[in-house]
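Q: Coordinates in model-v1.pdb, PDB, C-alpha atoms, pLDDT in the B column, are listed below.
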ATOM      1  CA  MET A   1     181.281 -44.065  24.885  1.00 64.00           C
ATOM      2  CA  GLU A   2     181.896 -41.039  22.700  1.00 86.00           C
ATOM      3  CA  LEU A   3     183.383 -41.508  19.228  1.00 87.00           C
ATOM      4  CA  LYS A   4     186.545 -39.533  19.958  1.00 89.00           C
ATOM      5  CA  LYS A   5     187.439 -41.844  22.834  1.00 91.00           C
ATOM      6  CA  GLN A   6     186.661 -44.917  20.749  1.00 92.00           C
ATOM      7  CA  ASN A   7     188.972 -43.688  17.973  1.00 92.00           C
ATOM      8  CA  PHE A   8     191.685 -42.916  20.484  1.00 94.00           C
ATOM      9  CA  ILE A   9     191.494 -46.366  22.095  1.00 94.00           C
ATOM     10  CA  GLN A  10     191.674 -47.992  18.668  1.00 94.00           C
ATOM     11  CA  ILE A  11     194.752 -45.951  17.674  1.00 95.00           C
ATOM     12  CA  VAL A  12     196.508 -46.719  20.969  1.00 95.00           C
ATOM     13  CA  ASN A  13     195.798 -50.419  20.552  1.00 94.00           C
ATOM     14  CA  GLU A  14     197.006 -50.478  16.969  1.00 95.00           C
ATOM     15  CA  ASN A  15     200.273 -48.898  18.109  1.00 95.00           C
ATOM     16  CA  ARG A  16     200.667 -50.624  21.477  1.00 95.00           C
ATOM     17  CA  GLY A  17     203.848 -52.374  20.283  1.00 94.00           C
ATOM     18  CA  ILE A  18     205.584 -49.017  19.734  1.00 96.00           C
ATOM     19  CA  ILE A  19     204.438 -47.503  23.037  1.00 96.00           C
ATOM     20  CA  ARG A  20     205.285 -50.529  25.181  1.00 95.00           C
ATOM     21  CA  SER A  21     208.639 -51.052  23.422  1.00 95.00           C
ATOM     22  CA  LEU A  22     209.694 -47.442  24.007  1.00 96.00           C
ATOM     23  CA  CYS A  23     208.723 -47.650  27.684  1.00 96.00           C
ATOM     24  CA  LYS A  24     210.826 -50.818  27.986  1.00 94.00           C
ATOM     25  CA  VAL A  25     213.783 -49.217  26.225  1.00 95.00           C
ATOM     26  CA  TYR A  26     213.937 -46.482  28.858  1.00 95.00           C
ATOM     27  CA  TYR A  27     212.672 -48.160  32.018  1.00 94.00           C
ATOM     28  CA  GLY A  28     213.726 -51.380  33.681  1.00 89.00           C
ATOM     29  CA  SER A  29     211.158 -52.133  36.354  1.00 91.00           C
ATOM     30  CA  ASN A  30     207.541 -53.010  35.604  1.00 92.00           C
ATOM     31  CA  GLU A  31     206.381 -50.232  37.910  1.00 94.00           C
ATOM     32  CA  ASP A  32     208.401 -47.564  36.066  1.00 94.00           C
ATOM     33  CA  GLN A  33     207.241 -48.900  32.707  1.00 94.00           C
ATOM     34  CA  LYS A  34     203.623 -48.713  33.848  1.00 93.00           C
ATOM     35  CA  ASP A  35     204.143 -45.194  35.134  1.00 94.00           C
ATOM     36  CA  ALA A  36     205.730 -44.082  31.849  1.00 95.00           C
ATOM     37  CA  PHE A  37     202.959 -45.826  29.898  1.00 95.00           C
ATOM     38  CA  GLN A  38     200.307 -43.840  31.784  1.00 94.00           C
ATOM     39  CA  ASP A  39     202.155 -40.564  31.193  1.00 95.00           C
ATOM     40  CA  VAL A  40     202.417 -41.355  27.483  1.00 96.00           C
ATOM     41  CA  ILE A  41     198.720 -42.236  27.141  1.00 96.00           C
ATOM     42  CA  LEU A  42     197.799 -39.030  28.940  1.00 94.00           C
ATOM     43  CA  GLN A  43     200.026 -36.933  26.711  1.00 94.00           C
ATOM     44  CA  LEU A  44     198.710 -38.659  23.580  1.00 95.00           C
ATOM     45  CA  TRP A  45     195.159 -37.918  24.701  1.00 94.00           C
ATOM     46  CA  LYS A  46     195.976 -34.259  25.414  1.00 91.00           C
ATOM     47  CA  SER A  47     197.515 -33.802  21.979  1.00 92.00           C
ATOM     48  CA  PHE A  48     194.943 -35.928  20.159  1.00 92.00           C
ATOM     49  CA  ASP A  49     192.957 -32.856  19.098  1.00 88.00           C
ATOM     50  CA  THR A  50     196.006 -31.228  17.560  1.00 88.00           C
ATOM     51  CA  PHE A  51     196.803 -34.245  15.391  1.00 87.00           C
ATOM     52  CA  ARG A  52     195.637 -33.260  11.913  1.00 81.00           C
ATOM     53  CA  GLY A  53     196.841 -36.252   9.965  1.00 80.00           C
ATOM     54  CA  GLU A  54     199.635 -34.324   8.246  1.00 82.00           C
ATOM     55  CA  SER A  55     202.040 -37.078   9.248  1.00 86.00           C
ATOM     56  CA  GLU A  56     201.606 -40.812   9.742  1.00 91.00           C
ATOM     57  CA  ILE A  57     199.863 -41.859  12.951  1.00 93.00           C
ATOM     58  CA  SER A  58     202.954 -43.865  13.915  1.00 94.00           C
ATOM     59  CA  THR A  59     205.153 -40.760  13.504  1.00 95.00           C
ATOM     60  CA  TRP A  60     202.852 -38.827  15.831  1.00 95.00           C
ATOM     61  CA  ILE A  61     202.968 -41.727  18.324  1.00 96.00           C
ATOM     62  CA  TYR A  62     206.787 -41.782  18.192  1.00 96.00           C
ATOM     63  CA  ARG A  63     206.988 -37.990  18.574  1.00 96.00           C
ATOM     64  CA  VAL A  64     204.686 -37.778  21.598  1.00 96.00           C
ATOM     65  CA  THR A  65     205.978 -40.954  23.275  1.00 97.00           C
ATOM     66  CA  LEU A  66     209.672 -40.139  22.954  1.00 97.00           C
ATOM     67  CA  ASN A  67     209.288 -36.507  23.979  1.00 96.00           C
ATOM     68  CA  THR A  68     207.113 -37.478  26.957  1.00 96.00           C
ATOM     69  CA  ILE A  69     209.635 -40.067  28.147  1.00 97.00           C
ATOM     70  CA  LEU A  70     212.650 -37.784  27.616  1.00 96.00           C
ATOM     71  CA  THR A  71     210.909 -34.946  29.498  1.00 96.00           C
ATOM     72  CA  LYS A  72     209.958 -37.343  32.300  1.00 95.00           C
ATOM     73  CA  ILE A  73     213.550 -38.567  32.616  1.00 95.00           C
ATOM     74  CA  ARG A  74     214.872 -34.990  32.746  1.00 92.00           C
ATOM     75  CA  ARG A  75     212.239 -34.039  35.351  1.00 91.00           C
ATOM     76  CA  ASP A  76     212.984 -37.099  37.491  1.00 87.00           C
ATOM     77  CA  LYS A  77     216.728 -36.475  37.336  1.00 82.00           C
ATOM     78  CA  LYS A  78     216.177 -32.875  38.430  1.00 74.00           C
ATOM     79  CA  SER A  79     214.039 -33.758  41.452  1.00 71.00           C
ATOM     80  CA  VAL A  80     215.905 -36.655  43.066  1.00 58.00           C
ATOM     81  CA  THR A  81     218.413 -39.142  41.751  1.00 50.00           C
ATOM     82  CA  VAL A  82     216.288 -42.131  42.566  1.00 47.00           C
ATOM     83  CA  GLU A  83     217.658 -44.541  40.049  1.00 48.00           C
ATOM     84  CA  SER A  84     221.210 -45.750  40.185  1.00 45.00           C
ATOM     85  CA  MET A  85     223.232 -45.624  36.991  1.00 47.00           C
ATOM     86  CA  ASP A  86     223.577 -49.380  36.752  1.00 46.00           C
ATOM     87  CA  THR A  87     219.866 -50.123  36.769  1.00 50.00           C
ATOM     88  CA  PRO A  88     219.271 -52.551  33.923  1.00 48.00           C
ATOM     89  CA  HIS A  89     216.983 -51.346  31.148  1.00 53.00           C
ATOM     90  CA  PHE A  90     215.290 -52.969  28.201  1.00 58.00           C
ATOM     91  CA  TYR A  91     214.610 -56.310  29.832  1.00 53.00           C
ATOM     92  CA  ILE A  92     214.523 -59.263  27.517  1.00 52.00           C
ATOM     93  CA  SER A  93     212.687 -61.738  29.645  1.00 51.00           C
ATOM     94  CA  ASP A  94     210.775 -63.368  26.845  1.00 52.00           C
ATOM     95  CA  SER A  95     212.165 -66.706  25.763  1.00 49.00           C
ATOM     96  CA  LYS A  96     210.941 -66.043  22.223  1.00 52.00           C
ATOM     97  CA  ALA A  97     213.440 -63.215  21.796  1.00 56.00           C
ATOM     98  CA  ASP A  98     216.373 -64.230  19.634  1.00 70.00           C
ATOM     99  CA  ASP A  99     220.068 -63.323  19.851  1.00 77.00           C
ATOM    100  CA  ASN A 100     219.700 -60.165  17.791  1.00 83.00           C
ATOM    101  CA  VAL A 101     217.105 -58.767  20.181  1.00 87.00           C
ATOM    102  CA  GLU A 102     219.527 -59.514  23.004  1.00 87.00           C
ATOM    103  CA  LEU A 103     222.269 -57.763  21.052  1.00 87.00           C
ATOM    104  CA  LEU A 104     220.046 -54.752  20.399  1.00 90.00           C
ATOM    105  CA  SER A 105     219.263 -54.640  24.112  1.00 87.00           C
ATOM    106  CA  ILE A 106     222.950 -54.687  25.094  1.00 88.00           C
ATOM    107  CA  PHE A 107     223.750 -51.958  22.587  1.00 90.00           C
ATOM    108  CA  ILE A 108     220.828 -49.690  23.487  1.00 91.00           C
ATOM    109  CA  GLN A 109     221.595 -50.003  27.201  1.00 88.00           C
ATOM    110  CA  SER A 110     225.011 -48.488  26.590  1.00 89.00           C
ATOM    111  CA  LEU A 111     223.609 -45.343  24.935  1.00 93.00           C
ATOM    112  CA  LYS A 112     222.579 -41.967  26.288  1.00 93.00           C
ATOM    113  CA  ASP A 113     218.840 -41.224  26.431  1.00 94.00           C
ATOM    114  CA  VAL A 114     218.644 -39.075  23.293  1.00 95.00           C
ATOM    115  CA  ASP A 115     220.900 -41.481  21.389  1.00 96.00           C
ATOM    116  CA  LYS A 116     218.533 -44.349  22.229  1.00 96.00           C
ATOM    117  CA  ALA A 117     215.737 -42.386  20.547  1.00 96.00           C
ATOM    118  CA  ILE A 118     217.907 -41.735  17.481  1.00 96.00           C
ATOM    119  CA  VAL A 119     218.732 -45.450  17.121  1.00 96.00           C
ATOM    120  CA  VAL A 120     215.091 -46.497  17.482  1.00 96.00           C
ATOM    121  CA  LEU A 121     213.920 -43.922  14.924  1.00 96.00           C
ATOM    122  CA  TYR A 122     216.700 -44.945  12.541  1.00 96.00           C
ATOM    123  CA  LEU A 123     215.674 -48.598  12.846  1.00 95.00           C
ATOM    124  CA  GLU A 124     212.121 -47.463  12.015  1.00 94.00           C
ATOM    125  CA  GLY A 125     213.441 -46.032   8.754  1.00 94.00           C
ATOM    126  CA  TYR A 126     213.355 -42.303   9.539  1.00 95.00           C
ATOM    127  CA  ARG A 127     216.013 -40.027   8.012  1.00 94.00           C
ATOM    128  CA  ASN A 128     218.144 -37.524   9.933  1.00 94.00           C
ATOM    129  CA  MET A 129     215.880 -34.615   8.983  1.00 95.00           C
ATOM    130  CA  GLU A 130     212.762 -36.435  10.199  1.00 96.00           C
ATOM    131  CA  ILE A 131     214.500 -37.626  13.380  1.00 96.00           C
ATOM    132  CA  ALA A 132     215.539 -34.046  14.110  1.00 96.00           C
ATOM    133  CA  GLU A 133     211.973 -32.864  13.584  1.00 95.00           C
ATOM    134  CA  ILE A 134     210.540 -35.575  15.864  1.00 95.00           C
ATOM    135  CA  LEU A 135     213.068 -34.942  18.641  1.00 95.00           C
ATOM    136  CA  LYS A 136     212.890 -31.141  18.237  1.00 94.00           C
ATOM    137  CA  THR A 137     216.582 -30.747  17.500  1.00 94.00           C
ATOM    138  CA  THR A 138     218.750 -29.932  14.471  1.00 95.00           C
ATOM    139  CA  PRO A 139     219.769 -32.349  11.694  1.00 95.00           C
ATOM    140  CA  THR A 140     223.416 -31.459  12.420  1.00 95.00           C
ATOM    141  CA  ASN A 141     223.012 -32.560  16.020  1.00 95.00           C
ATOM    142  CA  VAL A 142     221.391 -35.811  14.905  1.00 95.00           C
ATOM    143  CA  GLY A 143     224.180 -36.384  12.363  1.00 95.00           C
ATOM    144  CA  THR A 144     226.922 -35.818  14.941  1.00 95.00           C
ATOM    145  CA  ARG A 145     225.263 -38.105  17.464  1.00 95.00           C
ATOM    146  CA  PHE A 146     224.634 -40.699  14.778  1.00 93.00           C
ATOM    147  CA  ASN A 147     228.316 -40.854  13.788  1.00 93.00           C
ATOM    148  CA  ARG A 148     229.224 -41.353  17.435  1.00 93.00           C
ATOM    149  CA  ILE A 149     226.617 -44.126  17.751  1.00 94.00           C
ATOM    150  CA  LYS A 150     227.980 -45.923  14.681  1.00 91.00           C
ATOM    151  CA  SER A 151     231.547 -45.732  16.021  1.00 91.00           C
ATOM    152  CA  LEU A 152     230.372 -47.088  19.353  1.00 89.00           C
ATOM    153  CA  LEU A 153     228.604 -49.973  17.630  1.00 88.00           C
ATOM    154  CA  LYS A 154     231.742 -50.853  15.681  1.00 86.00           C
ATOM    155  CA  MET A 155     233.897 -50.607  18.775  1.00 85.00           C
ATOM    156  CA  LYS A 156     231.553 -52.709  20.874  1.00 80.00           C
ATOM    157  CA  PHE A 157     230.669 -55.505  18.511  1.00 76.00           C
ATOM    158  CA  ASN A 158     233.091 -55.752  15.612  1.00 71.00           C
ATOM    159  CA  ASN A 159     235.952 -57.000  17.738  1.00 58.00           C
ATOM    160  CA  LYS A 160     233.790 -59.662  19.321  1.00 53.00           C
ATOM    161  CA  SER A 161     232.354 -62.757  17.802  1.00 49.00           C
ATOM    162  CA  TYR A 162     228.761 -61.535  17.606  1.00 51.00           C
ATOM    163  CA  ALA A 163     227.169 -63.064  14.573  1.00 46.00           C
ATOM    164  CA  THR A 164     223.850 -61.915  13.255  1.00 45.00           C
ATOM    165  CA  LYS A 165     221.390 -64.598  12.336  1.00 42.00           C
TER     166      LYS A 165
ATOM    167  CA  MET B   1     228.243 -55.055  12.569  1.00 72.00           C
ATOM    168  CA  GLN B   2     226.053 -52.349  11.027  1.00 81.00           C
ATOM    169  CA  LEU B   3     223.077 -50.654  12.638  1.00 85.00           C
ATOM    170  CA  ASN B   4     220.868 -51.956   9.817  1.00 86.00           C
ATOM    171  CA  ASP B   5     221.534 -55.504  11.062  1.00 86.00           C
ATOM    172  CA  LEU B   6     219.420 -54.682  14.108  1.00 90.00           C
ATOM    173  CA  GLU B   7     216.314 -53.636  12.139  1.00 92.00           C
ATOM    174  CA  SER B   8     214.725 -57.079  12.318  1.00 92.00           C
ATOM    175  CA  ALA B   9     215.510 -57.266  16.038  1.00 93.00           C
ATOM    176  CA  TRP B  10     213.621 -54.023  16.656  1.00 94.00           C
ATOM    177  CA  LYS B  11     210.663 -55.323  14.623  1.00 94.00           C
ATOM    178  CA  GLN B  12     210.664 -58.531  16.642  1.00 93.00           C
ATOM    179  CA  PHE B  13     210.876 -56.619  19.913  1.00 93.00           C
ATOM    180  CA  LYS B  14     207.855 -54.515  18.893  1.00 94.00           C
ATOM    181  CA  LEU B  15     205.899 -57.622  17.949  1.00 93.00           C
ATOM    182  CA  LEU B  16     206.638 -59.229  21.305  1.00 92.00           C
ATOM    183  CA  ASN B  17     205.355 -56.114  23.055  1.00 92.00           C
ATOM    184  CA  ALA B  18     202.242 -55.942  20.898  1.00 92.00           C
ATOM    185  CA  MET B  19     201.087 -59.442  21.782  1.00 90.00           C
ATOM    186  CA  HIS B  20     198.774 -58.419  24.604  1.00 86.00           C
ATOM    187  CA  HIS B  21     195.772 -56.242  23.830  1.00 87.00           C
ATOM    188  CA  ILE B  22     195.289 -53.138  25.989  1.00 89.00           C
ATOM    189  CA  GLU B  23     191.918 -53.131  27.734  1.00 89.00           C
ATOM    190  CA  SER B  24     189.678 -50.173  26.859  1.00 91.00           C
ATOM    191  CA  LYS B  25     189.001 -49.773  30.587  1.00 91.00           C
ATOM    192  CA  GLU B  26     192.698 -49.256  31.266  1.00 91.00           C
ATOM    193  CA  ILE B  27     192.933 -46.411  28.739  1.00 93.00           C
ATOM    194  CA  LEU B  28     189.628 -44.850  29.810  1.00 92.00           C
ATOM    195  CA  LEU B  29     190.740 -44.820  33.430  1.00 92.00           C
ATOM    196  CA  ILE B  30     193.892 -42.855  32.568  1.00 91.00           C
ATOM    197  CA  ILE B  31     191.924 -40.377  30.442  1.00 89.00           C
ATOM    198  CA  GLU B  32     189.210 -39.903  33.048  1.00 88.00           C
ATOM    199  CA  ILE B  33     191.631 -39.295  35.907  1.00 85.00           C
ATOM    200  CA  ALA B  34     193.112 -36.461  33.824  1.00 79.00           C
ATOM    201  CA  GLU B  35     189.683 -35.073  32.933  1.00 81.00           C
ATOM    202  CA  ASN B  36     188.611 -35.081  36.597  1.00 85.00           C
ATOM    203  CA  ALA B  37     191.820 -33.371  37.641  1.00 82.00           C
ATOM    204  CA  ASN B  38     191.195 -30.639  35.050  1.00 80.00           C
ATOM    205  CA  ARG B  39     187.592 -30.239  36.253  1.00 83.00           C
ATOM    206  CA  ASN B  40     188.758 -29.892  39.862  1.00 86.00           C
ATOM    207  CA  LYS B  41     191.363 -27.333  38.842  1.00 87.00           C
ATOM    208  CA  LEU B  42     188.726 -25.289  37.015  1.00 87.00           C
ATOM    209  CA  GLN B  43     186.394 -25.456  40.022  1.00 90.00           C
ATOM    210  CA  THR B  44     189.172 -24.259  42.330  1.00 92.00           C
ATOM    211  CA  VAL B  45     190.055 -21.368  40.021  1.00 93.00           C
ATOM    212  CA  LEU B  46     186.390 -20.326  39.765  1.00 92.00           C
ATOM    213  CA  LEU B  47     185.908 -20.533  43.535  1.00 94.00           C
ATOM    214  CA  ASN B  48     189.015 -18.434  44.140  1.00 94.00           C
ATOM    215  CA  LEU B  49     187.803 -15.905  41.581  1.00 94.00           C
ATOM    216  CA  VAL B  50     184.397 -15.597  43.252  1.00 94.00           C
ATOM    217  CA  MET B  51     186.053 -15.202  46.660  1.00 93.00           C
ATOM    218  CA  PHE B  52     188.361 -12.522  45.266  1.00 93.00           C
ATOM    219  CA  VAL B  53     185.435 -10.576  43.765  1.00 93.00           C
ATOM    220  CA  ILE B  54     183.428 -10.778  47.019  1.00 92.00           C
ATOM    221  CA  ILE B  55     186.393  -9.656  49.153  1.00 92.00           C
ATOM    222  CA  THR B  56     187.165  -6.808  46.733  1.00 91.00           C
ATOM    223  CA  ILE B  57     183.532  -5.583  46.845  1.00 89.00           C
ATOM    224  CA  PHE B  58     183.449  -5.680  50.659  1.00 87.00           C
ATOM    225  CA  CYS B  59     186.770  -3.915  50.977  1.00 87.00           C
ATOM    226  CA  GLN B  60     185.615  -1.113  48.682  1.00 82.00           C
ATOM    227  CA  ALA B  61     182.362  -0.711  50.610  1.00 66.00           C
ATOM    228  CA  GLY B  62     184.294  -0.309  53.873  1.00 59.00           C
TER     229      GLY B  62
END
Represent the structure of the file as structure tokens.

A:
Amino acid sequence: MELKKQNFIQIVNENRGIIRSLCKVYYGSNEDQKDAFQDVILQLWKSFDTFRGESEISTWIYRVTLNTILTKIRRDKKSVTVESMDTPHFYISDSKADDNVELLSIFIQSLKDVDKAIVVLYLEGYRNMEIAEILKTTPTNVGTRFNRIKSLLKMKFNNKSYATK
Amino acid sequence: MQLNDLESAWKQFKLLNAMHHIESKEILLIIEIAENANRNKLQTVLLNLVMFVIITIFCQAG
């Protein structure tokens, strides 16, 4: 096997948690997740040559994965509305997941597609400027969306008895 | 609740999804399907180009 492919496989495996998690955030069924996963791997491979190491590998993975998934969702919505709006996303089927993961799942499910990406990138520690660069939008747009997300979080959870562990 | 409170949850979610190793075969298969598709596209374009040149030459001769 050629060296380039070996390197690529190693990078994908080192970052499999990010890729699989993002697919699960956006897609509910195993089949859709698998489909999205294949699209992401393909896109990562196509852009592998253009990655010059100017940013962290994980940043590149986030950029390609999120933009691939968001493009795929837009394309799918344009062709046919296959998926109903109430399709559950972000399945937490693993018994090892604790209450906070469940809470994160409930919150993320209630967000719009781009807002989901903003929340995930924020939780990864990226700043507004970096999030805007990754999602190919403006920092102002990210800031506006982020304020709305924070209000939604307060509205959804502060009035209820959700306690963080 | 603050968004920062969910940071550990996201980390845990990523860890859960990183538990199973991805087989090299699985990745290679995806890459190779794409490479074959590109090869086929190139072959089709070349074939069409050759056909176009041949037809153009014959039309001019007539």

Q: What separation in Å, quoted to one decimal, exists between CA of Arg75 (chain A) and CA of Asp39 (chain A)?

A: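 Distance between the two atoms: 12.7 Å.
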
Q: Give me, as a PyMOL selection string, the residues of chain A touching chain B, with the criterion being at most 8 Å (counting all atoms listed in the file).

A: chain A and resi 5+9+13+15-18+20-21+38+41-42+45+97-98+100-101+104+120+123-124+150+153-154+157-158+164

Q: Distance CA of Leu70 (chain A)-CA of Val114 (chain A), one decimal place?

A: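 Result for CA of Leu70 (chain A) versus CA of Val114 (chain A): 7.5 Å, one decimal.
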
Q: Please measure the separation of CA of Ala132 (chain A) and CA of Gln109 (chain A), giving the value in Å to one decimal.

A: 21.5 Å

Q: Excluding Asn128 (chain A) and any residue of its chain fewer than 3 positions from it, enumerate the residues within 7 Å of it, using all atoms listed in the file, and give them as a ChimeraX atom specification.

A: /A:131-132,139,142-143

Q: For the structure shown, which residues end up in the PyMOL selection byres ((chain A and resi 64) around 9)? Put them as a PyMOL selection string, please?

A: chain A and resi 40+43-44+47+59-63+65-69+134

Q: Name the residues captured by the PyMOL selection byres ((chain A and resi 24) around 10) when it is applied to the shown file; answer as a ChimeraX atom specification.

A: /A:18-23,25-30,32-34,36-37,89-92 /B:13,17

Q: Return as lines of an AutoDock Vina configuration file the centre and edge lengths, in Å with one decimal, of the box along x, y and z that encloses every atom of region 22-35 of chain B in the file, padded by 5 Å per side.

A:
center_x = 192.1
center_y = -44.1
center_z = 30.9
size_x = 16.3
size_y = 28.1
size_z = 19.9
